[in-house]
$ cat my_file00.tsv   # TSV, C-alpha atoms and all ligand atoms
chain	number	residue	atom	x	y	z
A	11	MET	CA	37.87	13.62	15.91
A	12	SER	CA	36.25	12.70	19.17
A	13	TYR	CA	32.62	13.12	20.13
A	14	VAL	CA	30.86	13.94	23.37
A	15	PHE	CA	28.98	10.65	22.96
A	16	PRO	CA	29.30	7.86	20.40
A	17	PRO	CA	27.67	8.92	17.09
A	18	PRO	CA	24.84	6.67	15.97
A	19	ALA	CA	25.56	3.97	13.40
A	20	PRO	CA	24.61	5.01	9.85
A	21	VAL	CA	21.09	4.06	8.79
A	22	SER	CA	21.29	1.69	5.82
A	23	VAL	CA	19.20	-0.50	3.55
A	24	PRO	CA	20.36	-3.82	2.02
A	25	VAL	CA	20.97	-4.02	-1.73
A	26	VAL	CA	19.74	-7.00	-3.76
A	27	GLY	CA	22.69	-9.10	-4.95
A	28	ARG	CA	25.33	-7.03	-3.14
A	29	ALA	CA	27.06	-7.38	0.21
A	30	GLU	CA	27.26	-3.58	0.58
A	31	HIS	CA	24.37	-1.68	2.08
A	32	PHE	CA	22.94	1.63	0.85
A	33	PRO	CA	23.60	4.35	3.47
A	34	VAL	CA	20.59	6.62	3.95
A	35	HIS	CA	21.03	10.39	3.89
A	36	ARG	CA	17.50	11.84	3.83
A	37	ILE	CA	13.97	10.62	3.20
A	38	TYR	CA	11.91	12.82	0.89
A	39	CYS	CA	8.23	12.06	0.29
A	40	VAL	CA	5.93	13.31	-2.47
A	41	GLY	CA	2.38	14.26	-1.47
A	42	ARG	CA	-0.76	13.31	-3.45
A	43	ASN	CA	1.03	12.02	-6.56
A	44	TYR	CA	-1.72	9.69	-7.83
A	45	GLU	CA	-4.95	11.33	-8.99
A	46	ASP	CA	-7.35	8.87	-7.36
A	47	HIS	CA	-5.53	9.16	-4.04
A	48	ALA	CA	-5.62	12.97	-4.24
A	49	LYS	CA	-9.39	12.69	-4.78
A	50	GLU	CA	-9.92	10.32	-1.85
A	51	MET	CA	-8.10	12.92	0.30
A	52	GLY	CA	-10.58	15.56	-0.85
A	53	HIS	CA	-8.55	17.23	-3.60
A	54	THR	CA	-9.18	17.57	-7.29
A	55	GLY	CA	-6.30	15.62	-8.77
A	56	ARG	CA	-3.28	17.01	-10.56
A	57	GLU	CA	-1.49	19.82	-8.74
A	58	ALA	CA	2.09	21.01	-8.51
A	59	PRO	CA	4.22	18.45	-6.65
A	60	PHE	CA	4.88	19.09	-2.99
A	61	PHE	CA	7.23	17.42	-0.58
A	62	PHE	CA	7.76	16.57	3.05
A	63	LEU	CA	10.51	14.71	4.87
A	64	LYS	CA	10.91	11.92	7.34
A	65	PRO	CA	14.04	11.52	9.46
A	66	ALA	CA	16.53	9.02	8.01
A	67	ASP	CA	16.27	6.88	11.13
A	68	ALA	CA	12.53	6.40	10.55
A	69	VAL	CA	13.64	3.57	8.21
A	70	LEU	CA	12.41	0.11	9.21
A	71	VAL	CA	14.11	-2.51	7.03
A	72	ALA	CA	11.98	-5.47	5.94
A	73	THR	CA	14.23	-8.25	4.63
A	74	PRO	CA	13.04	-10.86	2.13
A	75	GLY	CA	11.41	-13.90	3.67
A	76	ASN	CA	10.92	-12.17	7.02
A	77	THR	CA	8.13	-10.12	8.51
A	78	ALA	CA	9.39	-6.89	10.05
A	79	VAL	CA	7.67	-5.71	13.21
A	80	MET	CA	6.40	-2.16	13.46
A	81	PRO	CA	5.29	-1.11	16.93
A	82	TYR	CA	1.90	0.64	16.85
A	83	PRO	CA	2.90	4.28	17.30
A	84	THR	CA	1.84	6.47	20.19
A	85	LEU	CA	-0.75	9.30	20.09
A	86	THR	CA	-2.84	7.86	17.24
A	87	SER	CA	-5.92	5.74	16.78
A	88	ASN	CA	-5.86	5.95	12.97
A	89	LEU	CA	-2.59	4.53	11.62
A	90	HIS	CA	-2.75	4.42	7.82
A	91	HIS	CA	-0.77	2.44	5.25
A	92	GLU	CA	0.48	4.09	2.07
A	93	ILE	CA	2.26	1.73	-0.33
A	94	GLU	CA	4.90	3.58	-2.36
A	95	LEU	CA	7.65	3.05	-4.89
A	96	VAL	CA	10.91	4.32	-3.40
A	97	VAL	CA	13.66	5.79	-5.58
A	98	ALA	CA	17.20	5.57	-4.15
A	99	ILE	CA	19.57	8.34	-5.27
A	100	GLY	CA	23.15	7.26	-6.02
A	101	LEU	CA	24.50	10.45	-7.56
A	102	GLY	CA	23.61	13.81	-6.07
A	103	GLY	CA	22.86	17.05	-7.86
A	104	HIS	CA	21.09	20.40	-7.81
A	105	HIS	CA	18.73	21.47	-10.63
A	106	ILE	CA	18.75	18.03	-12.26
A	107	LYS	CA	16.84	18.01	-15.55
A	108	ALA	CA	14.24	15.30	-16.01
A	109	THR	CA	16.13	14.12	-19.07
A	110	ASP	CA	19.24	13.57	-16.90
A	111	ALA	CA	17.42	12.04	-13.92
A	112	ALA	CA	18.10	8.39	-14.76
A	113	LYS	CA	21.82	8.62	-14.13
A	114	HIS	CA	21.19	9.89	-10.59
A	115	ILE	CA	19.14	6.82	-9.65
A	116	PHE	CA	20.89	3.97	-7.85
A	117	GLY	CA	17.85	1.73	-7.60
A	118	TYR	CA	14.32	1.13	-6.39
A	119	ALA	CA	12.57	-0.41	-3.40
A	120	VAL	CA	9.11	-1.05	-2.02
A	121	GLY	CA	8.24	1.27	0.86
A	122	LEU	CA	5.41	2.21	3.19
A	123	ASP	CA	4.74	5.84	4.13
A	124	MET	CA	3.04	5.04	7.43
A	125	THR	CA	0.86	7.91	8.60
A	126	ARG	CA	-0.82	8.92	11.83
A	127	ARG	CA	-3.80	10.18	9.81
A	128	ASP	CA	-5.70	11.66	12.74
A	129	LEU	CA	-2.70	13.78	13.74
A	130	GLN	CA	-1.98	14.75	10.13
A	131	ASN	CA	-5.59	15.87	9.67
A	132	ASP	CA	-5.48	17.90	12.91
A	133	MET	CA	-2.30	19.63	11.74
A	134	LYS	CA	-3.80	20.31	8.29
A	135	LYS	CA	-6.88	21.92	9.87
A	136	GLN	CA	-4.69	24.16	11.98
A	137	GLY	CA	-2.28	24.98	9.16
A	138	ARG	CA	0.56	23.38	11.12
A	139	PRO	CA	3.40	21.14	9.89
A	140	TRP	CA	2.69	17.47	9.19
A	141	CYS	CA	5.78	16.21	11.05
A	142	ILE	CA	3.92	14.52	13.88
A	143	GLY	CA	1.65	12.72	11.42
A	144	LYS	CA	4.38	11.62	9.01
A	145	GLY	CA	7.85	11.73	10.54
A	146	PHE	CA	7.54	9.46	13.56
A	147	ASP	CA	9.79	6.56	14.54
A	148	GLN	CA	9.59	3.46	12.27
A	149	SER	CA	7.28	5.36	9.90
A	150	ALA	CA	9.28	4.39	6.80
A	151	PRO	CA	9.32	0.60	6.31
A	152	ILE	CA	11.37	-0.34	3.23
A	153	GLY	CA	12.54	-3.48	1.46
A	154	PRO	CA	15.96	-4.06	-0.08
A	155	ILE	CA	17.00	-1.81	-2.96
A	156	THR	CA	17.23	-3.38	-6.42
A	157	PRO	CA	19.81	-1.70	-8.69
A	158	ALA	CA	18.11	0.28	-11.45
A	159	ALA	CA	19.69	-1.71	-14.30
A	160	GLN	CA	17.80	-4.79	-13.06
A	161	VAL	CA	14.42	-3.00	-13.25
A	162	PRO	CA	14.07	-1.73	-16.81
A	163	ASP	CA	10.28	-1.25	-16.74
A	164	ILE	CA	9.75	0.47	-13.41
A	165	GLY	CA	7.53	3.11	-15.04
A	166	GLN	CA	5.00	0.39	-15.93
A	167	ALA	CA	5.25	-1.66	-12.73
A	168	ALA	CA	2.19	-2.77	-10.81
A	169	ILE	CA	2.05	-1.56	-7.19
A	170	SER	CA	-0.09	-3.21	-4.54
A	171	LEU	CA	-0.71	-3.65	-0.84
A	172	GLN	CA	-2.56	-6.41	0.94
A	173	VAL	CA	-3.55	-6.41	4.60
A	174	ASN	CA	-4.05	-9.88	6.09
A	175	GLY	CA	-4.18	-11.27	2.56
A	176	GLN	CA	-6.88	-8.86	1.30
A	177	ASP	CA	-6.28	-6.26	-1.39
A	178	ARG	CA	-6.28	-2.67	-0.11
A	179	GLN	CA	-4.28	-0.81	-2.77
A	180	ARG	CA	-3.64	-1.83	-6.38
A	181	SER	CA	-2.48	0.46	-9.17
A	182	THR	CA	0.38	1.04	-11.56
A	183	VAL	CA	3.41	3.31	-11.38
A	184	ALA	CA	2.34	4.62	-14.80
A	185	LYS	CA	-0.41	6.55	-12.96
A	186	LEU	CA	2.04	8.77	-11.07
A	187	ILE	CA	0.99	12.37	-11.74
A	188	TRP	CA	4.63	13.45	-11.61
A	189	ASN	CA	6.76	10.60	-12.90
A	190	ILE	CA	10.11	9.63	-11.42
A	191	ALA	CA	12.19	11.89	-13.66
A	192	GLU	CA	9.88	14.89	-13.19
A	193	THR	CA	9.89	14.34	-9.43
A	194	ILE	CA	13.70	14.36	-9.35
A	195	GLU	CA	13.73	17.57	-11.42
A	196	GLN	CA	11.29	19.32	-9.07
A	197	LEU	CA	12.81	17.99	-5.86
A	198	SER	CA	16.37	18.89	-6.89
A	199	SER	CA	15.31	22.45	-7.62
A	200	ALA	CA	14.38	22.81	-3.94
A	201	TRP	CA	17.19	20.77	-2.33
A	202	ALA	CA	20.61	19.62	-3.51
A	203	LEU	CA	20.10	15.87	-3.70
A	204	GLN	CA	22.81	13.73	-2.15
A	205	PRO	CA	23.84	10.11	-2.60
A	206	GLY	CA	21.83	8.16	-0.07
A	207	ASP	CA	18.62	10.14	-0.44
A	208	LEU	CA	15.42	8.11	-0.63
A	209	ILE	CA	12.34	9.44	-2.40
A	210	TYR	CA	8.96	7.96	-1.46
A	211	THR	CA	7.10	8.81	-4.66
A	212	GLY	CA	3.51	8.84	-3.41
A	213	THR	CA	0.70	6.37	-2.84
A	214	PRO	CA	-2.19	5.27	-5.04
A	215	GLU	CA	-5.80	5.20	-3.83
A	216	GLY	CA	-7.02	2.79	-1.18
A	217	VAL	CA	-5.21	4.05	1.90
A	218	GLY	CA	-6.75	2.89	5.14
A	219	ALA	CA	-6.19	1.95	8.74
A	220	VAL	CA	-4.26	-0.94	10.22
A	221	VAL	CA	-4.48	-2.16	13.80
A	222	ARG	CA	-2.28	-4.27	16.05
A	223	GLY	CA	-1.90	-7.77	14.66
A	224	ASP	CA	-2.37	-6.76	11.01
A	225	THR	CA	0.23	-7.88	8.46
A	226	MET	CA	0.87	-5.70	5.42
A	227	VAL	CA	2.43	-7.17	2.28
A	228	GLY	CA	3.55	-4.62	-0.30
A	229	ALA	CA	4.77	-5.30	-3.81
A	230	VAL	CA	6.04	-3.54	-6.91
A	231	THR	CA	6.72	-5.60	-10.03
A	232	GLY	CA	10.40	-6.42	-10.33
A	233	LEU	CA	11.28	-5.55	-6.71
A	234	GLU	CA	11.49	-7.55	-3.49
A	235	PRO	CA	8.11	-7.49	-1.72
A	236	ILE	CA	7.91	-6.42	1.92
A	237	SER	CA	6.00	-7.86	4.83
A	238	VAL	CA	5.39	-5.77	7.97
A	239	ARG	CA	3.31	-6.70	11.01
A	240	VAL	CA	1.92	-4.02	13.32
A	241	GLU	CA	2.22	-4.93	17.01
B	1	MN	MN	2.69	9.11	1.00

$ encode --input "my_file00.tsv" --output "structure tokens" --more "lines below"
Ligand code: MN
Amino acid sequence: MSYVFPPPAPVSVPVVGRAEHFPVHRIYCVGRNYEDHAKEMGHTGREAPFFFLKPADAVLVATPGNTAVMPYPTLTSNLHHEIELVVAIGLGGHHIKATDAAKHIFGYAVGLDMTRRDLQNDMKKQGRPWCIGKGFDQSAPIGPITPAAQVPDIGQAAISLQVNGQDRQRSTVAKLIWNIAETIEQLSSAWALQPGDLIYTGTPEGVGAVVRGDTMVGAVTGLEPISVRVE
């Protein structure tokens, strides 16, 4: 096979304790999956899960001990942080039952669903797609993936985000409206999941703006924390 130009290198994320990286296929995101976040966005709380995507190359890897740099994106003056637990799919499938979901999970990571909130809100008002608000370059910072067997209590993990050392978001994965297994069941009824898919499972309450010079530190119990500076 030859190509009309060199194909891009695969997008990948490091794996804790392994030399091999996790190659990224797609990035799925769950909308409004914590009740108090749904309320702060003007909704009532529990609703059927809904999904959107980011391009795979929106990944921005934040390695342990380093601060990744995220350029402040164009066209926005209201860049929001959303701390999220990310589920990494290792075994694909269509119509996966919640009771079978665990065996499809390779591992977990800490991620940020960065959002151009002003553009997202404009699109919502006009009934247009969210892509420009959600799927921009470097909009998916992520830390290394920890294999699932090393994180037995992910469903009870604390999740938090600090900006410049101050708490902005703090909750627990137990408050997911649709838990990890239910999310995989719903998502895999709409798309055939593939190895390499990442699922950003939703953010708890406390989303807010960051500006140039801010450093975000995100954590989920049992996973490598991430540090990202906006420049
Ligand atoms: Mn989100």

$ closest_residue --input "my_file00.tsv" --among "A:Ile152, A:Val40, A:Val217, A:Ile142" --to "Thr77 (chain A)" --atoms "all atoms listed in the file"
A:Ile152

$ residues_near_ligand --input "my_file00.tsv" --ligand "ligand MN 1 (chain B)" --cutoff "8 Å" --atoms "only C-alpha atoms and all ligand atoms" --output "list in words"
Cys39, Val40, Gly41, Arg42, Glu92, Ile93, Glu94, Leu122, Asp123, Met124, Thr125, Tyr210, Thr211, Gly212 and Thr213 of chain A

$ closest_residue --input "my_file00.tsv" --among "A:Gly100, A:Gly121, A:Gly165, A:Pro24" --to "Val227 (chain A)" --atoms "only C-alpha atoms"
A:Gly121

$ residues_around --input "my_file00.tsv" --residues "Asp207 (chain A)" --least-positions-apart "3" --cutoff "10 Å" --atoms "all atoms listed in the file" --output "compact mmCIF listing (two decimals) with C-alpha atoms, keeping the file's coordinate frame"
# COMPACT_ATOMS: atom_id res chain seq x y z
CA PHE A 32 22.94 1.63 0.85
CA PRO A 33 23.60 4.35 3.47
CA VAL A 34 20.59 6.62 3.95
CA HIS A 35 21.03 10.39 3.89
CA ARG A 36 17.50 11.84 3.83
CA ILE A 37 13.97 10.62 3.20
CA TYR A 38 11.91 12.82 0.89
CA ALA A 66 16.53 9.02 8.01
CA VAL A 97 13.66 5.79 -5.58
CA ALA A 98 17.20 5.57 -4.15
CA ILE A 99 19.57 8.34 -5.27
CA GLY A 100 23.15 7.26 -6.02
CA LEU A 101 24.50 10.45 -7.56
CA GLY A 102 23.61 13.81 -6.07
CA ILE A 115 19.14 6.82 -9.65
CA PHE A 116 20.89 3.97 -7.85
CA LEU A 203 20.10 15.87 -3.70
CA GLN A 204 22.81 13.73 -2.15
CA TYR A 210 8.96 7.96 -1.46

$ residues_around --input "my_file00.tsv" --residues "region 103-114 of chain A" --least-positions-apart "5" --cutoff "10 Å" --atoms "all atoms listed in the file" --output "ChimeraX atom specification"
/A:97-98,158,189-205

$ residues_around --input "my_file00.tsv" --residues "Gly175 (chain A)" --least-positions-apart "5" --cutoff "10 Å" --atoms "all atoms listed in the file" --output "JSON, numbers by chain"
{"A": [224, 225, 226, 227]}

$ residues_around --input "my_file00.tsv" --residues "Ser149 (chain A)" --least-positions-apart "6" --cutoff "10 Å" --atoms "all atoms listed in the file" --output "PyMOL selection string"
chain A and resi 64-65+67-70+80-83+91+121-126+143

$ closest_residue --input "my_file00.tsv" --among "A:Asn88, A:Trp188, A:Val161, A:Asp177" --to "Val220 (chain A)" --atoms "all atoms listed in the file"
A:Asn88

$ atom_distance --input "my_file00.tsv" --atom1 "CA of Ala72 (chain A)" --atom2 "CA of Ala150 (chain A)"
10.3 Å

$ atom_distance --input "my_file00.tsv" --atom1 "CA of Glu241 (chain A)" --atom2 "CA of Ala78 (chain A)"
10.2 Å

$ decode --input "my_file00.tsv" --residues "region 137-167 of chain A" --atoms "N, CA, C and O atoms" --output "mmCIF file, in the first residue's frame"
data_model
loop_
_atom_site.group_PDB
_atom_site.id
_atom_site.type_symbol
_atom_site.label_atom_id
_atom_site.label_comp_id
_atom_site.auth_asym_id
_atom_site.auth_seq_id
_atom_site.Cartn_x
_atom_site.Cartn_y
_atom_site.Cartn_z
ATOM 1 N N GLY A 137 -29.904 25.186 17.892
ATOM 2 C CA GLY A 137 -30.203 23.795 17.548
ATOM 3 C C GLY A 137 -29.178 23.185 16.619
ATOM 4 O O GLY A 137 -29.489 22.284 15.838
ATOM 5 N N ARG A 138 -27.950 23.678 16.694
ATOM 6 C CA ARG A 138 -26.877 23.190 15.812
ATOM 7 C C ARG A 138 -25.944 22.247 16.563
ATOM 8 O O ARG A 138 -25.938 22.224 17.792
ATOM 9 N N PRO A 139 -25.119 21.489 15.840
ATOM 10 C CA PRO A 139 -24.215 20.536 16.507
ATOM 11 C C PRO A 139 -23.199 21.235 17.418
ATOM 12 O O PRO A 139 -22.821 22.377 17.185
ATOM 13 N N TRP A 140 -22.760 20.497 18.430
ATOM 14 C CA TRP A 140 -21.846 21.027 19.437
ATOM 15 C C TRP A 140 -20.378 20.986 18.999
ATOM 16 O O TRP A 140 -19.495 21.408 19.762
ATOM 17 N N CYS A 141 -20.100 20.446 17.828
ATOM 18 C CA CYS A 141 -18.710 20.131 17.449
ATOM 19 C C CYS A 141 -17.740 21.265 17.748
ATOM 20 O O CYS A 141 -16.671 21.041 18.319
ATOM 21 N N ILE A 142 -18.106 22.475 17.376
ATOM 22 C CA ILE A 142 -17.162 23.587 17.511
ATOM 23 C C ILE A 142 -16.903 23.912 18.979
ATOM 24 O O ILE A 142 -15.851 24.427 19.332
ATOM 25 N N GLY A 143 -17.859 23.582 19.843
ATOM 26 C CA GLY A 143 -17.679 23.831 21.272
ATOM 27 C C GLY A 143 -16.923 22.729 21.985
ATOM 28 O O GLY A 143 -16.319 22.953 23.036
ATOM 29 N N LYS A 144 -16.952 21.520 21.414
ATOM 30 C CA LYS A 144 -16.417 20.347 22.126
ATOM 31 C C LYS A 144 -15.259 19.663 21.409
ATOM 32 O O LYS A 144 -14.396 19.086 22.065
ATOM 33 N N GLY A 145 -15.267 19.668 20.081
ATOM 34 C CA GLY A 145 -14.335 18.794 19.362
ATOM 35 C C GLY A 145 -13.132 19.498 18.762
ATOM 36 O O GLY A 145 -12.626 19.074 17.736
ATOM 37 N N PHE A 146 -12.645 20.523 19.439
ATOM 38 C CA PHE A 146 -11.535 21.295 18.870
ATOM 39 C C PHE A 146 -10.182 20.654 19.216
ATOM 40 O O PHE A 146 -10.104 19.728 20.021
ATOM 41 N N ASP A 147 -9.133 21.171 18.607
ATOM 42 C CA ASP A 147 -7.788 20.621 18.816
ATOM 43 C C ASP A 147 -7.372 20.732 20.291
ATOM 44 O O ASP A 147 -7.633 21.760 20.931
ATOM 45 N N GLN A 148 -6.715 19.689 20.788
ATOM 46 C CA GLN A 148 -6.232 19.619 22.184
ATOM 47 C C GLN A 148 -7.350 19.736 23.216
ATOM 48 O O GLN A 148 -7.116 20.133 24.354
ATOM 49 N N SER A 149 -8.573 19.388 22.823
ATOM 50 C CA SER A 149 -9.706 19.528 23.749
ATOM 51 C C SER A 149 -9.874 18.329 24.676
ATOM 52 O O SER A 149 -10.778 18.332 25.511
ATOM 53 N N ALA A 150 -8.990 17.325 24.533
ATOM 54 C CA ALA A 150 -9.152 16.107 25.345
ATOM 55 C C ALA A 150 -7.858 15.734 26.072
ATOM 56 O O ALA A 150 -7.269 14.685 25.824
ATOM 57 N N PRO A 151 -7.410 16.594 27.028
ATOM 58 C CA PRO A 151 -6.258 16.191 27.844
ATOM 59 C C PRO A 151 -6.560 14.876 28.581
ATOM 60 O O PRO A 151 -7.695 14.633 28.998
ATOM 61 N N ILE A 152 -5.523 14.040 28.719
ATOM 62 C CA ILE A 152 -5.699 12.746 29.377
ATOM 63 C C ILE A 152 -4.377 12.314 29.994
ATOM 64 O O ILE A 152 -3.303 12.599 29.443
ATOM 65 N N GLY A 153 -4.461 11.649 31.138
ATOM 66 C CA GLY A 153 -3.280 11.069 31.768
ATOM 67 C C GLY A 153 -3.106 9.628 31.326
ATOM 68 O O GLY A 153 -3.891 9.102 30.541
ATOM 69 N N PRO A 154 -2.047 8.974 31.806
ATOM 70 C CA PRO A 154 -1.813 7.586 31.422
ATOM 71 C C PRO A 154 -2.945 6.673 31.900
ATOM 72 O O PRO A 154 -3.613 6.958 32.895
ATOM 73 N N ILE A 155 -3.131 5.581 31.168
ATOM 74 C CA ILE A 155 -4.207 4.642 31.471
ATOM 75 C C ILE A 155 -3.698 3.593 32.466
ATOM 76 O O ILE A 155 -2.645 2.975 32.248
ATOM 77 N N THR A 156 -4.439 3.409 33.547
ATOM 78 C CA THR A 156 -4.121 2.358 34.517
ATOM 79 C C THR A 156 -4.972 1.132 34.207
ATOM 80 O O THR A 156 -6.198 1.249 34.089
ATOM 81 N N PRO A 157 -4.337 -0.045 34.023
ATOM 82 C CA PRO A 157 -5.126 -1.252 33.737
ATOM 83 C C PRO A 157 -6.198 -1.498 34.797
ATOM 84 O O PRO A 157 -5.976 -1.263 35.994
ATOM 85 N N ALA A 158 -7.357 -1.960 34.343
ATOM 86 C CA ALA A 158 -8.532 -2.071 35.210
ATOM 87 C C ALA A 158 -8.279 -2.928 36.449
ATOM 88 O O ALA A 158 -8.787 -2.622 37.535
ATOM 89 N N ALA A 159 -7.482 -3.985 36.297
ATOM 90 C CA ALA A 159 -7.255 -4.890 37.431
ATOM 91 C C ALA A 159 -6.572 -4.180 38.600
ATOM 92 O O ALA A 159 -6.668 -4.631 39.744
ATOM 93 N N GLN A 160 -5.885 -3.072 38.298
ATOM 94 C CA GLN A 160 -5.184 -2.321 39.355
ATOM 95 C C GLN A 160 -6.078 -1.272 40.016
ATOM 96 O O GLN A 160 -5.634 -0.549 40.904
ATOM 97 N N VAL A 161 -7.340 -1.176 39.558
ATOM 98 C CA VAL A 161 -8.257 -0.158 40.097
ATOM 99 C C VAL A 161 -9.576 -0.833 40.477
ATOM 100 O O VAL A 161 -10.593 -0.644 39.824
ATOM 101 N N PRO A 162 -9.570 -1.621 41.535
ATOM 102 C CA PRO A 162 -10.758 -2.419 41.841
ATOM 103 C C PRO A 162 -11.973 -1.593 42.261
ATOM 104 O O PRO A 162 -13.107 -2.033 42.079
ATOM 105 N N ASP A 163 -11.760 -0.397 42.818
ATOM 106 C CA ASP A 163 -12.879 0.364 43.384
ATOM 107 C C ASP A 163 -13.206 1.616 42.597
ATOM 108 O O ASP A 163 -13.591 2.638 43.175
ATOM 109 N N ILE A 164 -13.084 1.563 41.280
ATOM 110 C CA ILE A 164 -13.269 2.771 40.493
ATOM 111 C C ILE A 164 -14.657 3.374 40.694
ATOM 112 O O ILE A 164 -14.836 4.587 40.654
ATOM 113 N N GLY A 165 -15.659 2.530 40.931
ATOM 114 C CA GLY A 165 -17.031 3.020 41.106
ATOM 115 C C GLY A 165 -17.229 3.870 42.353
ATOM 116 O O GLY A 165 -18.238 4.560 42.488
ATOM 117 N N GLN A 166 -16.249 3.823 43.264
ATOM 118 C CA GLN A 166 -16.335 4.611 44.503
ATOM 119 C C GLN A 166 -15.274 5.699 44.564
ATOM 120 O O GLN A 166 -15.119 6.357 45.592
ATOM 121 N N ALA A 167 -14.522 5.872 43.478
ATOM 122 C CA ALA A 167 -13.381 6.797 43.505
ATOM 123 C C ALA A 167 -13.824 8.243 43.671
ATOM 124 O O ALA A 167 -14.867 8.649 43.169
#
